[in-house]
$ cat target_11.txt   # compact mmCIF, C-alpha atoms
# COMPACT_ATOMS: atom_id res chain seq x y z
CA MET A 1 0.00 0.00 0.00
CA LEU A 2 2.72 2.39 1.02
CA ILE A 3 4.60 1.69 -2.22
CA TYR A 4 1.64 2.88 -4.30
CA ALA A 5 1.20 5.98 -2.14
CA LEU A 6 4.88 6.83 -2.58
CA GLN A 7 4.76 6.31 -6.34
CA TYR A 8 1.64 8.50 -6.52
CA ALA A 9 3.43 11.17 -4.49
CA PHE A 10 6.47 11.09 -6.78
CA ILE A 11 4.29 11.61 -9.85
CA VAL A 12 2.15 14.31 -8.25
CA PHE A 13 5.09 16.30 -6.91
CA SER A 14 6.80 16.10 -10.29
CA VAL A 15 3.70 17.50 -11.99
CA ALA A 16 3.54 20.23 -9.34
CA LEU A 17 7.18 21.11 -9.98
CA LEU A 18 6.51 21.28 -13.72
CA LEU A 19 3.60 23.67 -13.09
CA ASN A 20 5.89 25.81 -10.91
CA LEU A 21 8.52 25.81 -13.66
CA TRP A 22 5.90 26.96 -16.13
CA ARG A 23 4.99 29.86 -13.85
CA LEU A 24 8.68 30.64 -13.40
CA TYR A 25 9.11 30.80 -17.16
CA GLN A 26 5.85 32.61 -17.83
CA GLY A 27 6.30 35.42 -15.35
CA PRO A 28 4.81 37.95 -16.08
CA ASP A 29 6.41 39.98 -13.26
CA LEU A 30 9.30 39.53 -10.90
CA PRO A 31 7.19 38.76 -7.79
CA ASP A 32 5.53 35.91 -9.73
CA ARG A 33 8.93 34.41 -10.42
CA ILE A 34 10.03 34.74 -6.80
CA LEU A 35 6.79 33.09 -5.67
CA ALA A 36 7.32 30.27 -8.17
CA LEU A 37 10.87 29.76 -6.89
CA ASP A 38 9.62 29.69 -3.29
CA THR A 39 7.03 27.05 -4.21
CA ILE A 40 9.72 25.03 -6.02
CA TYR A 41 11.82 25.03 -2.84
CA ILE A 42 8.93 23.78 -0.73
CA ASN A 43 7.87 21.11 -3.23
CA SER A 44 11.39 19.76 -3.67
CA LEU A 45 11.78 19.65 0.10
CA ALA A 46 8.71 17.41 0.29
CA LEU A 47 10.06 15.32 -2.58
CA LEU A 48 13.30 14.78 -0.64
CA ILE A 49 11.35 13.64 2.44
CA ILE A 50 9.40 11.18 0.27
CA LEU A 51 12.69 9.92 -1.20
CA GLY A 52 13.95 9.44 2.35
CA ILE A 53 10.96 7.23 3.18
CA TRP A 54 11.45 5.34 -0.10
CA HIS A 55 15.09 4.55 0.70
CA GLY A 56 14.37 4.02 4.38
CA THR A 57 17.04 6.47 5.49
CA GLN A 58 16.98 9.69 7.48
CA PHE A 59 20.04 11.20 5.81
CA TYR A 60 17.86 13.38 3.59
CA PHE A 61 16.42 15.21 6.58
CA GLU A 62 19.36 17.61 6.95
CA ALA A 63 19.20 18.42 3.25
CA ALA A 64 15.47 19.17 3.59
CA LEU A 65 16.09 21.46 6.57
CA LEU A 66 18.82 23.30 4.67
CA ILE A 67 16.56 23.72 1.62
CA ALA A 68 13.83 25.16 3.86
CA MET A 69 16.25 27.67 5.42
CA PHE A 70 17.97 28.77 2.21
CA GLY A 71 14.67 28.96 0.38
CA PHE A 72 13.22 31.27 3.02
CA ILE A 73 16.33 33.47 3.13
CA GLY A 74 16.43 33.66 -0.67
CA THR A 75 12.77 34.65 -0.88
CA VAL A 76 13.14 37.32 1.79
CA ALA A 77 16.29 38.74 0.17
CA ALA A 78 14.67 38.90 -3.27
CA ALA A 79 11.47 40.47 -1.90
CA LYS A 80 13.51 43.05 0.03
CA PHE A 81 15.45 43.83 -3.11
CA LEU A 82 12.18 44.51 -4.94
CA LEU A 83 10.96 46.70 -2.09
CA ARG A 84 14.04 48.83 -1.56
CA GLY A 85 16.38 48.18 -4.47
CA ASP A 86 18.93 47.18 -1.85
CA ILE A 87 19.31 44.16 0.41
CA ILE A 88 21.63 45.38 3.18
CA GLU A 89 20.84 48.89 4.32
CA MET B 1 14.19 0.78 -2.58
CA ASN B 2 14.04 -0.48 0.93
CA LEU B 3 10.60 -0.35 2.55
CA TYR B 4 10.08 -1.93 5.94
CA GLU B 5 7.01 -3.77 7.13
CA LEU B 6 4.57 -1.69 9.15
CA PRO B 7 1.54 -2.74 11.16
CA ASN B 8 -1.41 -2.73 8.81
CA TRP B 9 -3.36 0.28 10.12
CA LEU B 10 -0.19 2.36 10.45
CA GLU B 11 0.69 1.62 6.87
CA TRP B 12 -2.75 2.82 5.78
CA LEU B 13 -2.42 5.96 7.90
CA THR B 14 1.01 6.80 6.50
CA ALA B 15 -0.13 6.15 2.93
CA LEU B 16 -3.23 8.30 3.47
CA LEU B 17 -1.18 11.20 4.87
CA ILE B 18 1.27 11.02 1.96
CA VAL B 19 -1.55 10.99 -0.59
CA ILE B 20 -3.32 13.93 1.10
CA GLY B 21 -0.09 15.91 1.29
CA ALA B 22 0.83 15.29 -2.34
CA THR B 23 -2.68 16.20 -3.50
CA PHE B 24 -2.68 19.48 -1.58
CA ALA B 25 0.74 20.39 -2.93
CA LEU B 26 -0.52 19.72 -6.46
CA ILE B 27 -3.64 21.84 -5.84
CA GLY B 28 -1.44 24.68 -4.59
CA SER B 29 0.69 24.51 -7.71
CA ILE B 30 -2.37 24.40 -9.96
CA GLY B 31 -3.63 27.52 -8.21
CA LEU B 32 -0.26 29.18 -8.76
CA ALA B 33 -0.50 28.39 -12.46
CA ARG B 34 -4.16 29.27 -12.96
CA PHE B 35 -5.11 32.34 -10.92
CA PRO B 36 -5.41 35.59 -12.85
CA ASP B 37 -3.21 38.09 -10.96
CA PHE B 38 -0.33 38.08 -8.55
CA LEU B 39 -2.17 38.79 -5.32
CA THR B 40 -4.62 35.95 -5.91
CA ARG B 41 -1.77 33.65 -6.95
CA LEU B 42 -0.14 34.36 -3.63
CA HIS B 43 -2.98 32.60 -1.81
CA ALA B 44 -2.56 29.18 -3.36
CA PRO B 45 1.01 28.13 -2.52
CA THR B 46 1.25 29.82 0.87
CA LYS B 47 -1.61 27.73 2.21
CA SER B 48 -1.89 24.49 0.28
CA THR B 49 1.83 23.82 0.06
CA THR B 50 2.33 24.38 3.76
CA LEU B 51 -0.37 21.86 4.66
CA GLY B 52 0.82 19.46 1.95
CA VAL B 53 4.40 19.43 3.20
CA GLY B 54 3.12 19.34 6.78
CA SER B 55 1.21 16.10 6.29
CA VAL B 56 4.09 14.50 4.35
CA LEU B 57 6.36 15.34 7.27
CA ILE B 58 3.90 13.86 9.77
CA ALA B 59 3.84 10.69 7.66
CA SER B 60 7.64 10.63 7.80
CA ILE B 61 7.56 11.04 11.60
CA ILE B 62 5.15 8.09 11.94
CA TYR B 63 7.10 5.87 9.53
CA PHE B 64 10.53 6.38 11.06
CA SER B 65 9.21 6.24 14.63
CA VAL B 66 7.84 2.77 13.90
CA VAL B 67 10.61 1.21 11.79
CA ASP B 68 13.55 2.97 13.44
CA SER B 69 13.96 4.59 16.86
CA PHE B 70 11.52 7.26 18.05
CA SER B 71 12.11 10.28 15.84
CA LEU B 72 10.61 13.75 16.00
CA HIS B 73 13.08 15.94 14.15
CA GLU B 74 10.89 16.36 11.07
CA LEU B 75 8.82 18.51 13.41
CA LEU B 76 11.58 21.13 13.09
CA VAL B 77 10.98 21.51 9.36
CA THR B 78 7.21 21.69 9.93
CA ILE B 79 7.51 24.40 12.59
CA PHE B 80 10.01 26.29 10.47
CA LEU B 81 7.71 26.22 7.45
CA PHE B 82 4.67 27.33 9.44
CA LEU B 83 6.66 30.21 10.93
CA THR B 84 8.24 31.39 7.69
CA ALA B 85 5.41 30.96 5.16
CA PRO B 86 3.46 34.03 6.43
CA ILE B 87 6.62 36.15 6.49
CA SER B 88 7.59 35.47 2.89
CA ALA B 89 3.96 35.87 1.77
CA HIS B 90 3.76 39.21 3.61
CA LEU B 91 6.99 40.48 2.04
CA LEU B 92 5.93 39.39 -1.44
CA ALA B 93 2.52 41.06 -1.06
CA LYS B 94 4.25 44.21 0.11
CA ALA B 95 6.60 44.13 -2.87
CA ALA B 96 3.68 43.60 -5.26
CA LEU B 97 1.75 46.54 -3.78
CA HIS B 98 4.90 48.64 -3.92
CA LEU B 99 5.40 47.85 -7.61
CA ASP B 100 1.66 48.36 -8.17
CA LEU B 101 1.18 45.25 -10.29
CA LYS B 102 -1.89 44.72 -12.42
CA ARG B 103 -4.88 43.44 -10.48
CA VAL B 104 -7.97 41.78 -11.90
CA GLU B 105 -10.49 44.47 -12.69
CA HIS B 106 -13.13 43.66 -10.14
CA THR B 107 -10.74 43.70 -7.20
CA GLN B 108 -12.41 45.95 -4.68
CA ASP B 109 -9.93 48.37 -3.26
CA GLN B 110 -10.82 50.02 0.01
CA ARG B 111 -7.56 51.84 0.30
CA HIS B 112 -8.42 54.89 -1.75
CA GLN B 113 -11.35 55.92 0.39
CA VAL B 114 -9.22 55.66 3.48
CA GLN B 115 -6.31 57.52 1.97
CA GLU B 116 -8.63 60.32 0.90
CA SER B 117 -10.16 60.55 4.32
CA GLN B 118 -6.68 60.73 5.80
CA ASP B 119 -5.80 63.60 3.49
CA GLU B 120 -8.74 65.67 4.59
CA MET C 1 19.37 34.03 38.38
CA THR C 2 18.26 36.80 36.05
CA LYS C 3 21.90 37.41 35.11
CA LEU C 4 22.57 33.81 34.17
CA LEU C 5 19.25 33.24 32.42
CA PRO C 6 18.02 36.50 30.89
CA SER C 7 15.11 34.84 29.16
CA PRO C 8 14.22 31.38 30.48
CA LEU C 9 11.68 30.68 27.74
CA LEU C 10 14.28 31.27 25.02
CA SER C 11 16.71 28.96 26.84
CA LEU C 12 14.11 26.22 27.12
CA PHE C 13 13.29 26.64 23.43
CA LEU C 14 16.97 26.40 22.47
CA LEU C 15 17.45 23.23 24.54
CA LEU C 16 14.41 21.60 22.92
CA PHE C 17 15.58 22.76 19.49
CA TRP C 18 19.02 21.20 20.04
CA LEU C 19 17.54 17.89 21.20
CA LEU C 20 15.20 17.78 18.19
CA LEU C 21 18.05 18.60 15.84
CA GLN C 22 20.19 15.77 17.27
CA ASN C 23 17.11 13.55 17.44
CA SER C 24 18.15 11.93 20.71
CA VAL C 25 17.79 12.56 24.44
CA SER C 26 21.07 11.05 25.65
CA ALA C 27 22.79 12.62 28.66
CA GLY C 28 25.62 14.06 26.57
CA HIS C 29 23.26 15.93 24.29
CA ILE C 30 21.31 17.29 27.26
CA VAL C 31 24.53 18.66 28.81
CA LEU C 32 25.72 20.20 25.53
CA GLY C 33 22.23 21.57 24.84
CA THR C 34 22.06 23.14 28.31
CA ILE C 35 25.44 24.81 27.81
CA LEU C 36 24.27 26.23 24.47
CA ALA C 37 20.93 27.28 25.95
CA ILE C 38 22.78 29.32 28.59
CA ILE C 39 25.49 30.80 26.35
CA ILE C 40 23.42 31.85 23.32
CA PRO C 41 20.92 34.09 25.23
CA LEU C 42 23.82 35.68 27.13
CA LEU C 43 25.53 36.58 23.87
CA THR C 44 22.40 37.83 22.14
CA VAL C 45 20.53 39.55 24.99
CA ARG C 46 21.68 42.99 23.86
CA GLY C 47 20.00 42.49 20.51
CA LEU C 48 16.69 41.65 22.16
CA ASP C 49 14.78 44.88 21.79
CA PHE C 50 11.29 43.57 22.30
CA ARG C 51 9.65 41.85 25.20
CA ALA C 52 6.41 39.91 25.13
CA LYS C 53 4.52 39.37 28.32
CA LEU C 54 2.29 36.35 28.39
CA HIS C 55 -0.57 36.74 30.79
CA ARG C 56 -2.39 33.53 30.07
CA PRO C 57 0.20 31.08 28.67
CA PHE C 58 -2.20 28.16 28.65
CA ARG C 59 -4.62 29.88 26.31
CA ILE C 60 -1.90 29.58 23.66
CA VAL C 61 -2.55 25.84 23.40
CA GLU C 62 -6.24 26.51 22.78
CA TYR C 63 -5.30 29.16 20.23
CA LEU C 64 -2.94 26.80 18.40
CA ILE C 65 -5.56 24.05 18.20
CA LEU C 66 -8.11 26.54 16.84
CA LEU C 67 -5.52 27.73 14.32
CA MET C 68 -4.78 24.15 13.23
CA ILE C 69 -8.48 23.44 12.59
CA ASP C 70 -8.84 26.71 10.68
CA ILE C 71 -5.78 25.98 8.53
CA VAL C 72 -7.26 22.65 7.41
CA GLN C 73 -10.63 24.33 6.82
CA SER C 74 -9.05 27.13 4.79
CA ASN C 75 -7.11 24.64 2.70
CA LEU C 76 -10.32 22.83 1.79
CA ASP C 77 -11.98 26.15 0.87
CA ILE C 78 -9.04 27.22 -1.30
CA ALA C 79 -8.87 23.78 -2.94
CA ILE C 80 -12.54 24.03 -3.90
CA ILE C 81 -12.03 27.52 -5.34
CA ILE C 82 -8.98 26.36 -7.33
CA LEU C 83 -10.58 23.21 -8.71
CA LEU C 84 -13.95 24.68 -9.66
CA PRO C 85 -13.90 25.59 -13.33
CA SER C 86 -15.74 28.90 -12.95
CA ARG C 87 -13.62 31.96 -12.27
CA ASN C 88 -16.17 33.79 -10.18
CA ILE C 89 -13.95 35.03 -7.40
CA GLN C 90 -14.20 38.44 -5.82
CA PRO C 91 -10.80 39.56 -4.56
CA ALA C 92 -10.63 42.60 -2.34
CA LEU C 93 -8.14 44.76 -0.49
CA ILE C 94 -9.52 45.52 2.94
CA GLU C 95 -8.35 47.83 5.70
CA TYR C 96 -8.56 46.08 9.02
CA PRO C 97 -8.61 48.34 12.10
CA LEU C 98 -6.37 46.88 14.80
CA ASP C 99 -7.35 46.92 18.45
CA ILE C 100 -4.21 45.31 19.78
CA GLN C 101 -0.86 47.04 20.11
CA GLY C 102 2.75 45.98 20.36
CA GLU C 103 5.05 44.34 17.88
CA ILE C 104 4.65 40.73 18.92
CA PRO C 105 0.82 40.60 19.14
CA ILE C 106 0.44 42.32 15.77
CA THR C 107 3.01 39.97 14.22
CA VAL C 108 1.16 36.94 15.57
CA LEU C 109 -2.16 38.30 14.31
CA ALA C 110 -0.73 39.03 10.85
CA GLY C 111 0.73 35.54 10.65
CA THR C 112 -2.58 34.04 11.71
CA ILE C 113 -4.44 36.02 9.05
CA THR C 114 -2.03 34.84 6.37
CA LEU C 115 -2.41 31.20 7.37
CA THR C 116 -6.24 31.20 7.51
CA PRO C 117 -9.21 31.30 5.12
CA GLY C 118 -8.49 33.13 1.91
CA THR C 119 -6.70 36.11 3.44
CA VAL C 120 -3.14 37.41 3.22
CA SER C 121 -1.97 40.31 5.34
CA ALA C 122 -0.20 42.69 3.00
CA GLU C 123 0.85 45.82 4.81
CA LEU C 124 0.85 47.52 8.19
CA ASN C 125 0.41 51.26 8.04
CA HIS C 126 3.08 53.45 9.56
CA ASP C 127 1.51 54.06 12.97
CA GLY C 128 0.46 50.45 13.45
CA THR C 129 -3.29 50.94 13.67
CA LYS C 130 -4.45 49.41 10.40
CA LEU C 131 -3.60 46.21 8.61
CA LEU C 132 -4.13 45.89 4.86
CA ILE C 133 -5.58 42.47 4.02
CA HIS C 134 -5.96 40.93 0.60
CA ALA C 135 -8.88 38.52 0.53
CA LEU C 136 -9.31 35.96 -2.22
CA ASN C 137 -13.06 35.64 -2.27
CA VAL C 138 -15.15 37.83 -0.01
CA LYS C 139 -18.79 38.84 -0.18
CA ASP C 140 -19.27 40.90 2.96
CA HIS C 141 -16.30 42.91 4.22
CA ASP C 142 -17.73 43.87 7.57
CA GLN C 143 -18.66 40.27 8.27
CA MET C 144 -15.07 39.21 7.57
CA ILE C 145 -13.63 41.89 9.81
CA ARG C 146 -16.03 40.87 12.60
CA ASP C 147 -15.04 37.21 12.18
CA ILE C 148 -11.33 37.94 12.50
CA LYS C 149 -11.95 40.18 15.52
CA GLN C 150 -14.00 37.62 17.38
CA ARG C 151 -12.04 34.53 16.44
CA TYR C 152 -8.46 35.67 16.78
CA GLU C 153 -8.00 39.20 18.00
CA LEU C 154 -10.03 38.82 21.20
CA ARG C 155 -8.14 35.65 22.09
CA LEU C 156 -4.78 37.30 21.41
CA LYS C 157 -5.86 40.24 23.54
CA GLU C 158 -6.49 37.86 26.38
CA ILE C 159 -3.15 36.08 25.93
CA PHE C 160 -1.02 39.21 25.71
CA LYS C 161 -3.21 41.55 27.80
CA CYS C 162 -2.81 44.63 25.66

$ encode --input "target_11.txt" --output "structure tokens"
Amino acid sequence: MLIYALQYAFIVFSVALLLNLWRLYQGPDLPDRILALDTIYINSLALLIILGIWHGTQFYFEAALLIAMFGFIGTVAAAKFLLRGDIIE
Amino acid sequence: MNLYELPNWLEWLTALLIVIGATFALIGSIGLARFPDFLTRLHAPTKSTTLGVGSVLIASIIYFSVVDSFSLHELLVTIFLFLTAPISAHLLAKAALHLDLKRVEHTQDQRHQVQESQDE
Amino acid sequence: MTKLLPSPLLSLFLLLFWLLLQNSVSAGHIVLGTILAIIIPLLTVRGLDFRAKLHRPFRIVEYLILLMIDIVQSNLDIAIIILLPSRNIQPALIEYPLDIQGEIPITVLAGTITLTPGTVSAELNHDGTKLLIHALNVKDHDQMIRDIKQRYELRLKEIFKC
């Protein structure tokens, strides 16, 4: 049962990532692209966790935590750049 | 691939959580692709993706707690996501308002009335 | 006591965070975590320019459970809106008058609004009395403002007493 759920999750997250990529390519404005990148980070984090269950190992957890942190920092830096035209004031 | 045996009902619960999480993440991404303007697009991923990843992480907690030793550290990622999702959404909304992006025509904007009344 | 532990809650949080990160509760990790939980607040206490006073700490649990239920509810609502073929949504930008004051309560309220049904908090005006909310699909503005006030703001007022 779990095998089918995991396979379903792999397919669904891949489709979700493709949709995010389409939005990243399509734009039309910079905030849209940043939002698409943020969603890509979160989806790939979930994909890593699923891969960890699939391989039965917890080594992917640290990678997922790092993706969450860097994704957040990247989003905040890009949004601040749009707001002020400068990241460090 | 290296799946361990789980008790039957736990296997169902884990599978159900994974399916729910994946479905919500997909719905969030569909919303991101389909909504008409930026501020409405912002709603889809900030909510659906957070819940989607949240339930996948809970499934991971259950799975590894049963097959391996008791493990809660996926909770860190969940808490982190729930704390940071509103912040990035807030900053992006602020940036979009600052840039004055196109909104769908029937967006009701209450700001102008208030700004006028402040000017008086 | 106050010199060694400037903020006991932060220290407790750091200890728990360390144990979760190491994913074990062995004696060595507890000792190392305790050392970190004492040193880090001492080094960073000068940067701590805000203080939150909790008057009813146990109401937080109730608040978090309510928030959890509302997050699931809001996800179902959004999912229905996304999956329905018709595009009949009515987005709106709404000014929300704030009753609570202080950085932490307003931050918590803004985060709550972003996580719950079809609303994203977009901007706080310069004197901190109004919050600009973008709502995805709203029919009655006043009803929505009343809902947020009763459901979240009154509870936060009770927790932070402000």

$ closest_atom_pairs --input "target_11.txt" --of "chain C" --to "chain B" --cutoff "7 Å" --atoms "all atoms listed in the file" --output "JSON lines"
{"residue": "C:Leu20", "atom": "CA", "partner": "B:His73", "partner_atom": "CA", "distance": 4.9}
{"residue": "C:Leu21", "atom": "CA", "partner": "B:His73", "partner_atom": "CA", "distance": 5.9}
{"residue": "C:Asn23", "atom": "CA", "partner": "B:His73", "partner_atom": "CA", "distance": 5.7}
{"residue": "C:Asn75", "atom": "CA", "partner": "B:Ser48", "partner_atom": "CA", "distance": 5.8}
{"residue": "C:Ala79", "atom": "CA", "partner": "B:Ile27", "partner_atom": "CA", "distance": 6.3}
{"residue": "C:Ile82", "atom": "CA", "partner": "B:Gly31", "partner_atom": "CA", "distance": 5.5}
{"residue": "C:Gln90", "atom": "CA", "partner": "B:Thr107", "partner_atom": "CA", "distance": 6.4}
{"residue": "C:Pro91", "atom": "CA", "partner": "B:Thr107", "partner_atom": "CA", "distance": 4.9}
{"residue": "C:Ala92", "atom": "CA", "partner": "B:Gln108", "partner_atom": "CA", "distance": 4.5}
{"residue": "C:Leu93", "atom": "CA", "partner": "B:Asp109", "partner_atom": "CA", "distance": 4.9}
{"residue": "C:Ile94", "atom": "CA", "partner": "B:Gln110", "partner_atom": "CA", "distance": 5.5}
{"residue": "C:Glu95", "atom": "CA", "partner": "B:Gln110", "partner_atom": "CA", "distance": 6.6}
{"residue": "C:Gly111", "atom": "CA", "partner": "B:Pro86", "partner_atom": "CA", "distance": 5.2}
{"residue": "C:Thr114", "atom": "CA", "partner": "B:Pro86", "partner_atom": "CA", "distance": 5.5}
{"residue": "C:Leu115", "atom": "CA", "partner": "B:Lys47", "partner_atom": "CA", "distance": 6.3}
{"residue": "C:Gly118", "atom": "CA", "partner": "B:His43", "partner_atom": "CA", "distance": 6.7}
{"residue": "C:Val120", "atom": "CA", "partner": "B:His43", "partner_atom": "CA", "distance": 7.0}
{"residue": "C:Ser121", "atom": "CA", "partner": "B:His90", "partner_atom": "CA", "distance": 6.1}
{"residue": "C:Ala122", "atom": "CA", "partner": "B:Ala93", "partner_atom": "CA", "distance": 5.2}
{"residue": "C:Glu123", "atom": "CA", "partner": "B:Lys94", "partner_atom": "CA", "distance": 6.0}
{"residue": "C:Leu136", "atom": "CA", "partner": "B:Thr40", "partner_atom": "CA", "distance": 6.0}

$ residues_around --input "target_11.txt" --residues "A:Tyr4" --least-positions-apart "4" --cutoff "10 Å" --atoms "all atoms listed in the file" --output "compact mmCIF listing (two decimals) with C-alpha atoms, in the coordinates of the input"
# COMPACT_ATOMS: atom_id res chain seq x y z
CA TYR A 8 1.64 8.50 -6.52
CA ALA A 9 3.43 11.17 -4.49
CA PHE A 10 6.47 11.09 -6.78
CA ALA B 15 -0.13 6.15 2.93
CA VAL B 19 -1.55 10.99 -0.59

$ closest_residue --input "target_11.txt" --among "A:Asn20, A:Gln26, A:Gln7, A:Ser44" --to "chain B" --atoms "all atoms listed in the file"
A:Asn20

$ interface_residues --input "target_11.txt" --of "chain A" --to "chain B" --cutoff "6 Å" --atoms "only C-alpha atoms" --output "compact mmCIF listing (two decimals) with C-alpha atoms, keeping the file's coordinate frame"
# COMPACT_ATOMS: atom_id res chain seq x y z
CA LEU A 2 2.72 2.39 1.02
CA ALA A 5 1.20 5.98 -2.14
CA ALA A 9 3.43 11.17 -4.49
CA ALA A 16 3.54 20.23 -9.34
CA ARG A 23 4.99 29.86 -13.85
CA ALA A 46 8.71 17.41 0.29
CA TRP A 54 11.45 5.34 -0.10
CA HIS A 55 15.09 4.55 0.70
CA GLY A 56 14.37 4.02 4.38
CA LEU A 65 16.09 21.46 6.57
CA VAL A 76 13.14 37.32 1.79
CA ALA A 79 11.47 40.47 -1.90
CA LEU A 82 12.18 44.51 -4.94
CA LEU A 83 10.96 46.70 -2.09

$ atom_distance --input "target_11.txt" --atom1 "atom CA of C:Trp18" --atom2 "atom CA of C:Val45"
19.1 Å

$ interface_residues --input "target_11.txt" --of "chain A" --to "chain C" --cutoff "12 Å" --atoms "only C-alpha atoms" --output "number ranges by chain"
A: 58, 61-62, 65

$ decode --input "target_11.txt" --residues "stretch 37-49 of chain B" --atoms "N, CA and C atoms" --output "PDB file, in the first residue's frame"
ATOM      1  N   ASP B  37      -4.209  37.046 -11.224  1.00  0.00           N
ATOM      2  CA  ASP B  37      -3.213  38.088 -10.961  1.00  0.00           C
ATOM      3  C   ASP B  37      -2.366  37.714  -9.749  1.00  0.00           C
ATOM      4  N   PHE B  38      -1.322  38.509  -9.519  1.00  0.00           N
ATOM      5  CA  PHE B  38      -0.329  38.076  -8.551  1.00  0.00           C
ATOM      6  C   PHE B  38      -0.892  37.898  -7.151  1.00  0.00           C
ATOM      7  N   LEU B  39      -1.702  38.866  -6.707  1.00  0.00           N
ATOM      8  CA  LEU B  39      -2.170  38.795  -5.318  1.00  0.00           C
ATOM      9  C   LEU B  39      -3.077  37.594  -5.085  1.00  0.00           C
ATOM     10  N   THR B  40      -3.828  37.170  -6.106  1.00  0.00           N
ATOM     11  CA  THR B  40      -4.619  35.949  -5.912  1.00  0.00           C
ATOM     12  C   THR B  40      -3.737  34.717  -6.008  1.00  0.00           C
ATOM     13  N   ARG B  41      -2.689  34.789  -6.858  1.00  0.00           N
ATOM     14  CA  ARG B  41      -1.770  33.655  -6.954  1.00  0.00           C
ATOM     15  C   ARG B  41      -1.080  33.403  -5.628  1.00  0.00           C
ATOM     16  N   LEU B  42      -0.830  34.475  -4.904  1.00  0.00           N
ATOM     17  CA  LEU B  42      -0.137  34.363  -3.630  1.00  0.00           C
ATOM     18  C   LEU B  42      -0.875  33.445  -2.660  1.00  0.00           C
ATOM     19  N   HIS B  43      -2.210  33.388  -2.774  1.00  0.00           N
ATOM     20  CA  HIS B  43      -2.983  32.600  -1.811  1.00  0.00           C
ATOM     21  C   HIS B  43      -2.730  31.107  -1.934  1.00  0.00           C
ATOM     22  N   ALA B  44      -2.585  30.631  -3.167  1.00  0.00           N
ATOM     23  CA  ALA B  44      -2.555  29.182  -3.363  1.00  0.00           C
ATOM     24  C   ALA B  44      -1.352  28.500  -2.727  1.00  0.00           C
ATOM     25  N   PRO B  45      -0.110  28.876  -3.095  1.00  0.00           N
ATOM     26  CA  PRO B  45       1.012  28.134  -2.519  1.00  0.00           C
ATOM     27  C   PRO B  45       1.219  28.363  -1.033  1.00  0.00           C
ATOM     28  N   THR B  46       0.952  29.587  -0.543  1.00  0.00           N
ATOM     29  CA  THR B  46       1.246  29.817   0.871  1.00  0.00           C
ATOM     30  C   THR B  46       0.406  28.924   1.775  1.00  0.00           C
ATOM     31  N   LYS B  47      -0.786  28.556   1.328  1.00  0.00           N
ATOM     32  CA  LYS B  47      -1.611  27.729   2.206  1.00  0.00           C
ATOM     33  C   LYS B  47      -1.492  26.257   1.867  1.00  0.00           C
ATOM     34  N   SER B  48      -1.823  25.913   0.619  1.00  0.00           N
ATOM     35  CA  SER B  48      -1.892  24.493   0.278  1.00  0.00           C
ATOM     36  C   SER B  48      -0.543  23.812   0.434  1.00  0.00           C
ATOM     37  N   THR B  49       0.538  24.471   0.007  1.00  0.00           N
ATOM     38  CA  THR B  49       1.828  23.817   0.062  1.00  0.00           C
ATOM     39  C   THR B  49       2.252  23.578   1.503  1.00  0.00           C
TER      40      THR B  49
END
